[in-house]
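Enquirer: Below: one structure in structure tokens.
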Amino acid sequence: MKELSKAYEAKKYEDAIYKRWEQSGFFDPDVCIKKRVSKKTAKPFSIVLPPPNVTGTLHMGHAVMLAVQDVMIRYHRMKGEITLWLPGTDHAAIATQTKVEKMIFDAEHKTRQDMGREAFLRRVEQFARESHDTIVNQCKKMGASLDWSREAFTLDDARTLAVRTMFKQMYDDGIIYRGDRIVNWDPVMQSNVSDDEIEWKEETTAFYYLKYGPFVIGTARPETKFGDKYIVMHPDDQRYKKYQHGQKLEADWLNGKITATIVKDKAADMAFGTGVMTITPWHDATDFDIALRHKLDREQIIDYNGKLLPIAGEFAGLDIVEARPKIIEKLKTRGLLETIDEKYVHRVATNYRGGGVIEPQIRKQWFIGVTREFQRGGKKVTLKKLMQAAVKNGDIEIIPDRFNKTYFHWIDNLRDWCISRQIWYGHRVPVWYRGNEVFCGVQSPKGAGWEQDPDTLDTWFSSGLWTFSTLGWPKKTKDLVAYHPTSVLETGYDILFFWVARMILMTTYALGKVPFQTVYLHGLVRDEQGRKMSKSLGNIIDPLDMISQFGTDATRLSLIVGNTPGNDMKLSEAKVAGFRNFTNKLWNVARFMLLNVKKPKVIIQRPQGKTLADKWILVRLTATIQEVTTRLEAYNFSLAGETLRRFTWDELADWYLEIAKVEGNKDRILNYILNTILKLWHPFMPFVTEAIWQEVYRGKTVLLGARWPEANTLTSAKKITQEFALMQSIVIGLRAIRSDYRIDPANKIPVLMNTRKQKKLLQTLSPVIRDLARTGEMTVATSVKRPVASVAFVVQTGVEVFVDLLGVVDKEKERMRLQKEIDTLAPYVASLEKKLSNEQFVTNAPSSVVDEQRRKLNETREKLSKIIAQQKSLS
RNA sequence: GGACGACUAGCUCAGCUGGUUAGAGCACUGCAUUCACAUUGCAGGGGUCACAAGUUCGAAUCUUGUGUCGUCCACCA
């Protein structure tokens, strides 16, 4: 048997292991079925990978999602389920186009308009192709066991067919419509974006009070006010009782006299300012709604480049930012400016994709009507209702469940979804026009003279189909039947609305099914101070950097342990380093076990233990298998990892292996334990476990394809645990005294034990205790005399231990040491006595609790009295 | 304005449906180095569980309120 190197070197193994996995075919469920016995009876388990942007690079957000999903996938695969993890990338229309536009402009000083649509798109596609391999290879670096044979792209042919089919179906159902509606226009990007793509930024600006006829109106945006000719007030506002709805009046305004009309509408807030406002329906969503309600005129003031139109008179052609102070000047000279509030705080809409300030505009766009009725199973339904029902009736479970509320609240406030964009990269709206004719279809219409709609679709439209478009829809493929609905969707809570909700919308509509049964939402990875990682703060922890420094397993583990659903987590390099230490510990545990085993063998059946320690470690391992399994089933990955870590380090390495050195001859049991813990750890730390597996079993099988361990609870587990705990506390007590009294490690001092009940057990265990505590001769008896120069302590069930110091004992020091013990025990005994003398407690508390307290009281009393006796005997 | 989350040892967090003498990792202190591992071992110090009131025989855990921090949502011009 070849010896393992002293330390685990992740770099030496990882890439080769990933290749080995890919060659094994186990990533592909079809191969898995063939290679393993399980077939028809096995359950399917499927996850679609939230597709990373095709032009992106791996960041901690990706790393955490890959780690969590790979834990689930590997666990279910090992359980024997037919497990599919389907990869893909997202064309991320806006992000990618913006990136390429910038690159081209920086290098060649050309805009996309300079290049033309065709040429520009060729460049974007080329970039996406080149960039694709980067992100894919980075996913592999994380050890993700994805089935690359099924890889998809949101913009490939199969997905394009799905997108067009879906669009046409919704169009035919009247759910997709085209209309003049107010949209969020980004003048910088020259496209509109959906409501969810807006980021509100708080800003302190000046707020102007202007005279408008007999009224005073307030505005933060005087540059939009040129055309204002409606005065809106609340119908119940007593101050303006004398004005009638529809009443006309003359006002002196920016460009001279204007005829204004009174509008009574509840949208006016009586408590705000003067309670009176003028409206600009073309550039404000609220105003637009008011105008819609009362069928008012709308007029465009600002063009799509953010410049003022001729209605602004002498300001026409000016950018709104430069025009504002000039307009204020004019208002002043005309005597229309009443006052200015310089510290007005309000929120400005910006494009979250780094675009400019949003200027609402009315434009003819494509929308998905979320409240439009359509037929479904003989009933009239709406998309909103379908989305609500899927979660409300329990078809989809969201973890953590508090996000249910967030989800419902979002749906309640949901407006029609604007799906058309004026950018070029993406799915073209599948609609063609010829004169007054309109054609919507999967293929372009026959005949000449048709022109296609120039707009593209919101990237989330194609992402919304992801769970089923990746499985082959609209074709009725085997995959679609086998793996849909998918089992789990795992993603960050920050895209609950963007993506999760949209998938529910699309899937319930198109398939009448939910896209997934469980949604697991992870939190954001933040820096050690809890700040978001960002380039400008320079606090980014690069997962690839962590991998190269500490290994993939350590990086993964640091993202799993201490990470709970829906909560953000803090990450530091120190944390990753800590798990690198653990990786090495596991490696060395294996190294030790191999050195102590004659021949490595795969042992799946739990062997019988001979000694107490054997039995104990088997009890603990069995409990660990059960606990880890339960935790994983409950999506409690962090606790599963901690459970395993505790077993491996605290129980196996610190106790059992040390005892194995003394007892020896443990081939069978060591083989079994090693085999089992490698399997248990594999989902969390795939590389180091596979590396050990390959070294141990000479590459005959892959751990990736091994079966998850199972074990029935052992009988007499409780007795075994108690006896072992007694042994542990004796060892710990002895070590503490050695440490306290600075006893040289080479000094093997004699120990005597007084015990009634455990004499035989302790006699059997003395060789182990002697070795672990490094003591000398050990006497166990029912009543031994305490040596003159000795110190003592008491452990469970009244076992008294005397350590013979073979010299003079510092009586004062010993008295103090015992006193300290008395000081902690005495109040405890008192509190237990008080509790048990309380009749209310004895009658109301369950008898098991009362019994337990009694037991503790007796035990502690006995211990305390012995310690007091020891203290007395000192003098 | 509404909703949600967090507040437990110096730091990061466990503590499930109320009963433990409140735990872990890191950091800290002391000791230890042929014998799997110093990316280590052994022993230790450290917490009025944010605050207040309530329910209960019993509260870190349940209820209500307060505070601090954070997140999301909302058409106040």
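Convention: chains lettered A, B, ... in structure tokens order; per-chain residue numbering from 1; ligands numbered from 1 as shown.
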Set the distance at 12 Å and use only C-alpha atoms (C1' of nucleotides): which residues neighbour A:Lys11 once local chain neighbours fewer than 6 positions away are removed? I'd like the list as an NGL selection string.
Expert: :A and (17-18 or 141 or 546-553 or 687-688 or 691)
Enquirer: Any chance you can output those residues with N, CA and C atoms as a CSV table (one decimal), in the first residue's frame?
Expert:
```csv
chain,number,residue,atom,x,y,z
A,17,ILE,N,-9.3,14.8,-11.1
A,17,ILE,CA,-10.5,14.1,-10.6
A,17,ILE,C,-11.7,14.6,-11.3
A,18,TYR,N,-11.8,15.8,-11.7
A,18,TYR,CA,-13.0,16.3,-12.4
A,18,TYR,C,-13.1,15.6,-13.7
A,141,LYS,N,-14.5,24.0,-12.0
A,141,LYS,CA,-13.5,24.2,-10.9
A,141,LYS,C,-14.1,24.1,-9.6
A,546,MET,N,-9.6,31.8,-3.8
A,546,MET,CA,-9.8,31.0,-2.6
A,546,MET,C,-9.4,29.5,-3.0
A,547,ILE,N,-9.9,29.1,-4.2
A,547,ILE,CA,-9.7,27.8,-4.6
A,547,ILE,C,-8.2,27.5,-4.8
A,548,SER,N,-7.5,28.5,-5.4
A,548,SER,CA,-6.1,28.3,-5.7
A,548,SER,C,-5.3,28.3,-4.4
A,549,GLN,N,-5.8,29.1,-3.4
A,549,GLN,CA,-5.0,29.2,-2.1
A,549,GLN,C,-5.3,28.0,-1.2
A,550,PHE,N,-6.6,27.6,-1.1
A,550,PHE,CA,-7.0,26.7,-0.1
A,550,PHE,C,-7.7,25.4,-0.6
A,551,GLY,N,-8.0,25.4,-1.9
A,551,GLY,CA,-8.6,24.2,-2.5
A,551,GLY,C,-10.1,24.4,-2.6
A,552,THR,N,-10.7,23.7,-3.5
A,552,THR,CA,-12.1,23.8,-3.8
A,552,THR,C,-12.9,23.3,-2.6
A,553,ASP,N,-12.5,22.2,-2.0
A,553,ASP,CA,-13.3,21.7,-0.9
A,553,ASP,C,-13.4,22.7,0.3
A,687,PHE,N,-13.7,16.6,-3.8
A,687,PHE,CA,-12.4,16.3,-4.3
A,687,PHE,C,-11.5,15.5,-3.3
A,688,VAL,N,-11.4,16.0,-2.1
A,688,VAL,CA,-10.5,15.3,-1.2
A,688,VAL,C,-11.0,13.9,-0.9
A,691,ALA,N,-10.2,11.8,-3.9
A,691,ALA,CA,-8.7,11.6,-3.9
A,691,ALA,C,-8.3,10.5,-3.0
```
Enquirer: Quick one: everything within 12 Å of B:G23, counting only C-alpha atoms (C1' of nucleotides), minus sequence neighbours fewer than 4 positions away in the same chain. Send it as a list in words.
Expert: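 My list of contacting residues is U8, A9, C13, A14, G15, G47 and C49 of chain B.
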Enquirer: Just list the residues in stretch 243-424 of chain A DSSP gives helix (DSSP H, G or I) on the backbone, as number ranges by chain.
Expert: A: 281-283, 285-294, 310-315, 320-333, 383-392, 403-412
Enquirer: Residues of chain A that approach chain B to 7 Å or less, counting only C-alpha atoms (C1' of nucleotides): could you list each one with the shortest pair of atoms and its distance in Å to one decimal, rows by chain and increasing residue number, as a tab-separated table?
Expert:
```
residue	atom	partner	partner_atom	distance
A:Gly218	CA	B:A77	C1'	6.7
A:Thr219	CA	B:A77	C1'	6.2
A:Asp269	CA	B:C76	C1'	6.4
A:Phe272	CA	B:C76	C1'	6.8
A:Met277	CA	B:A77	C1'	5.9
A:Ala285	CA	B:C75	C1'	6.5
A:Thr286	CA	B:C75	C1'	4.5
A:Gly562	CA	B:C13	C1'	6.3
A:Arg580	CA	B:U39	C1'	6.8
A:Asn581	CA	B:U39	C1'	4.3
A:Asn584	CA	B:U39	C1'	6.3
A:Lys585	CA	B:C37	C1'	6.1
A:Asn588	CA	B:A36	C1'	5.1
A:Val589	CA	B:A36	C1'	6.1
A:Arg591	CA	B:A36	C1'	5.6
A:Phe592	CA	B:A36	C1'	4.0
A:Ala736	CA	B:A43	C1'	5.6
A:Ser739	CA	B:A43	C1'	5.7
A:Tyr828	CA	B:U21	C1'	6.4
A:Gln840	CA	B:C57	C1'	4.4
A:Phe841	CA	B:C57	C1'	4.0
A:Asn844	CA	B:C57	C1'	6.3
A:Val849	CA	B:G19	C1'	6.5
```
Enquirer: With a distance cut-off of 12 Å and only C-alpha atoms (C1' of nucleotides), select the neighbouring residues of B:U55, excluding the residue or stretch itself and same-chain residues fewer than 3 positions from it, and output the selection as number ranges by chain.
Expert: B: 18, 58-59, 62-64
Enquirer: Fewer than 4 positions away in the same chain doesn't count, so skip those; otherwise give me all residues within 9 Å of stretch 89-98 of chain A, counting only C-alpha atoms (C1' of nucleotides), as a VMD selection string.
Expert: chain A and resid 49 to 56 102 to 103 121 124 127 to 128 132 135 to 136 151 to 155 189 353 423 to 427 456 to 460 462 to 463
Enquirer: Between atom CA of A:Thr689 and atom CA of A:Glu3, what is the spacing in Å?
Expert: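 Taking atom CA of A:Glu3 and atom CA of A:Thr689, their separation equals 15.9 Å.
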Enquirer: For A:Thr134, please output as a ChimeraX atom specification all residues within 9 Å (counting only C-alpha atoms (C1' of nucleotides); exclusion window: fewer than 3 positions along the same chain).
Expert: /A:54-58,130-131,137-139
Enquirer: Give the strand (DSSP E) residues of stretch 75-319 of chain A, as assigned by DSSP on the backbone, as an mmCIF file with C-alpha atoms, in the first residue's frame.
Expert:
```
data_model
loop_
_atom_site.group_PDB
_atom_site.id
_atom_site.type_symbol
_atom_site.label_atom_id
_atom_site.label_comp_id
_atom_site.auth_asym_id
_atom_site.auth_seq_id
_atom_site.Cartn_x
_atom_site.Cartn_y
_atom_site.Cartn_z
ATOM 1 C CA ILE A 82 -32.243 9.274 -11.008
ATOM 2 C CA THR A 83 -30.499 12.565 -10.622
ATOM 3 C CA LEU A 84 -30.216 15.312 -13.193
ATOM 4 C CA TRP A 85 -28.495 18.624 -12.729
ATOM 5 C CA LEU A 86 -28.923 20.578 -15.903
ATOM 6 C CA GLY A 88 -26.814 26.318 -19.075
ATOM 7 C CA THR A 89 -25.970 29.932 -19.628
ATOM 8 C CA ALA A 152 -28.533 24.752 -22.828
ATOM 9 C CA PHE A 153 -28.307 28.415 -23.750
ATOM 10 C CA ILE A 176 -49.748 39.413 -24.670
ATOM 11 C CA TYR A 177 -50.853 42.711 -26.098
ATOM 12 C CA ARG A 178 -49.322 45.771 -27.649
ATOM 13 C CA GLY A 179 -50.280 49.141 -26.341
ATOM 14 C CA ASP A 180 -49.436 52.756 -25.663
ATOM 15 C CA ARG A 181 -48.519 52.708 -22.035
ATOM 16 C CA ILE A 182 -46.167 54.565 -19.805
ATOM 17 C CA VAL A 183 -42.861 52.738 -19.571
ATOM 18 C CA ASN A 184 -39.540 53.210 -17.815
ATOM 19 C CA TRP A 185 -37.356 54.746 -20.501
ATOM 20 C CA ASP A 186 -33.610 54.811 -20.060
ATOM 21 C CA SER A 191 -34.509 51.180 -24.166
ATOM 22 C CA ASN A 192 -37.257 50.765 -21.663
ATOM 23 C CA VAL A 193 -36.999 48.393 -18.747
ATOM 24 C CA ILE A 198 -35.624 49.810 -11.516
ATOM 25 C CA GLU A 199 -33.467 50.757 -8.607
ATOM 26 C CA TRP A 200 -34.689 53.660 -6.516
ATOM 27 C CA LYS A 201 -32.028 55.968 -5.221
ATOM 28 C CA GLU A 202 -32.652 58.486 -2.521
ATOM 29 C CA GLU A 203 -31.630 61.998 -3.343
ATOM 30 C CA THR A 204 -31.851 65.414 -1.746
ATOM 31 C CA THR A 205 -32.875 68.105 -4.214
ATOM 32 C CA ALA A 206 -34.615 71.421 -4.365
ATOM 33 C CA PHE A 207 -38.396 71.442 -4.370
ATOM 34 C CA TYR A 208 -40.095 74.391 -5.993
ATOM 35 C CA TYR A 209 -43.415 75.961 -5.059
ATOM 36 C CA LEU A 210 -44.890 77.642 -8.104
ATOM 37 C CA LYS A 211 -47.843 79.942 -8.629
ATOM 38 C CA TYR A 212 -50.350 78.444 -10.970
ATOM 39 C CA PHE A 215 -53.050 77.877 -6.685
ATOM 40 C CA VAL A 216 -49.622 77.016 -5.476
ATOM 41 C CA ILE A 217 -48.242 73.780 -6.781
ATOM 42 C CA GLY A 218 -45.060 71.980 -5.865
ATOM 43 C CA THR A 219 -42.574 70.198 -8.074
ATOM 44 C CA TYR A 230 -54.823 70.005 -15.518
ATOM 45 C CA ILE A 231 -55.139 70.938 -11.871
ATOM 46 C CA VAL A 232 -55.823 67.939 -9.706
ATOM 47 C CA MET A 233 -57.282 68.039 -6.216
ATOM 48 C CA LYS A 248 -61.900 75.809 -16.693
ATOM 49 C CA LEU A 249 -59.802 78.750 -15.646
ATOM 50 C CA GLU A 250 -57.089 80.976 -17.025
ATOM 51 C CA ALA A 251 -53.608 80.894 -15.622
ATOM 52 C CA ASP A 252 -50.419 82.732 -16.345
ATOM 53 C CA TRP A 253 -47.820 80.069 -16.966
ATOM 54 C CA GLY A 256 -47.892 82.890 -21.204
ATOM 55 C CA LYS A 257 -51.635 82.410 -20.739
ATOM 56 C CA ILE A 258 -52.932 78.881 -20.504
ATOM 57 C CA THR A 259 -56.418 77.423 -20.071
ATOM 58 C CA ALA A 260 -56.420 74.936 -17.234
ATOM 59 C CA THR A 261 -59.026 72.367 -16.272
ATOM 60 C CA ILE A 262 -59.920 71.296 -12.747
ATOM 61 C CA VAL A 263 -59.799 67.523 -12.152
ATOM 62 C CA LYS A 264 -61.069 65.965 -8.963
ATOM 63 C CA VAL A 276 -53.150 70.758 -5.373
ATOM 64 C CA MET A 277 -51.015 69.507 -8.207
ATOM 65 C CA THR A 278 -50.701 69.837 -11.930
#
```
Enquirer: List the spatial neighbours of A:Phe497 as an MDAnalysis selection string - criterion: any atom at most 10 Å away, only C-alpha atoms (C1' of nucleotides), same-chain residues fewer than 4 positions off excluded.
Expert: chainID A and resid 196 406:407 410:411 493 501:503
Enquirer: So that I can see what lies close to B:G46, please list as a count of residues only the residues with an atom at most 12 Å from it, counting only C-alpha atoms (C1' of nucleotides) and leaving out residues fewer than 6 positions away in the same chain.
Expert: 5
Enquirer: For atom CA of A:Glu862 and atom CA of A:Val768, determine how far apart the two atoms are, in Å to one decimal place.
Expert: 26.6 Å
Enquirer: Looking at only C-alpha atoms, which of A:Gly317, A:Pro600, A:Pro686, A:Pro767 is the one that sits closest to A:Val71?
Expert: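 So, comparing all the options, the nearest one is A:Pro686.
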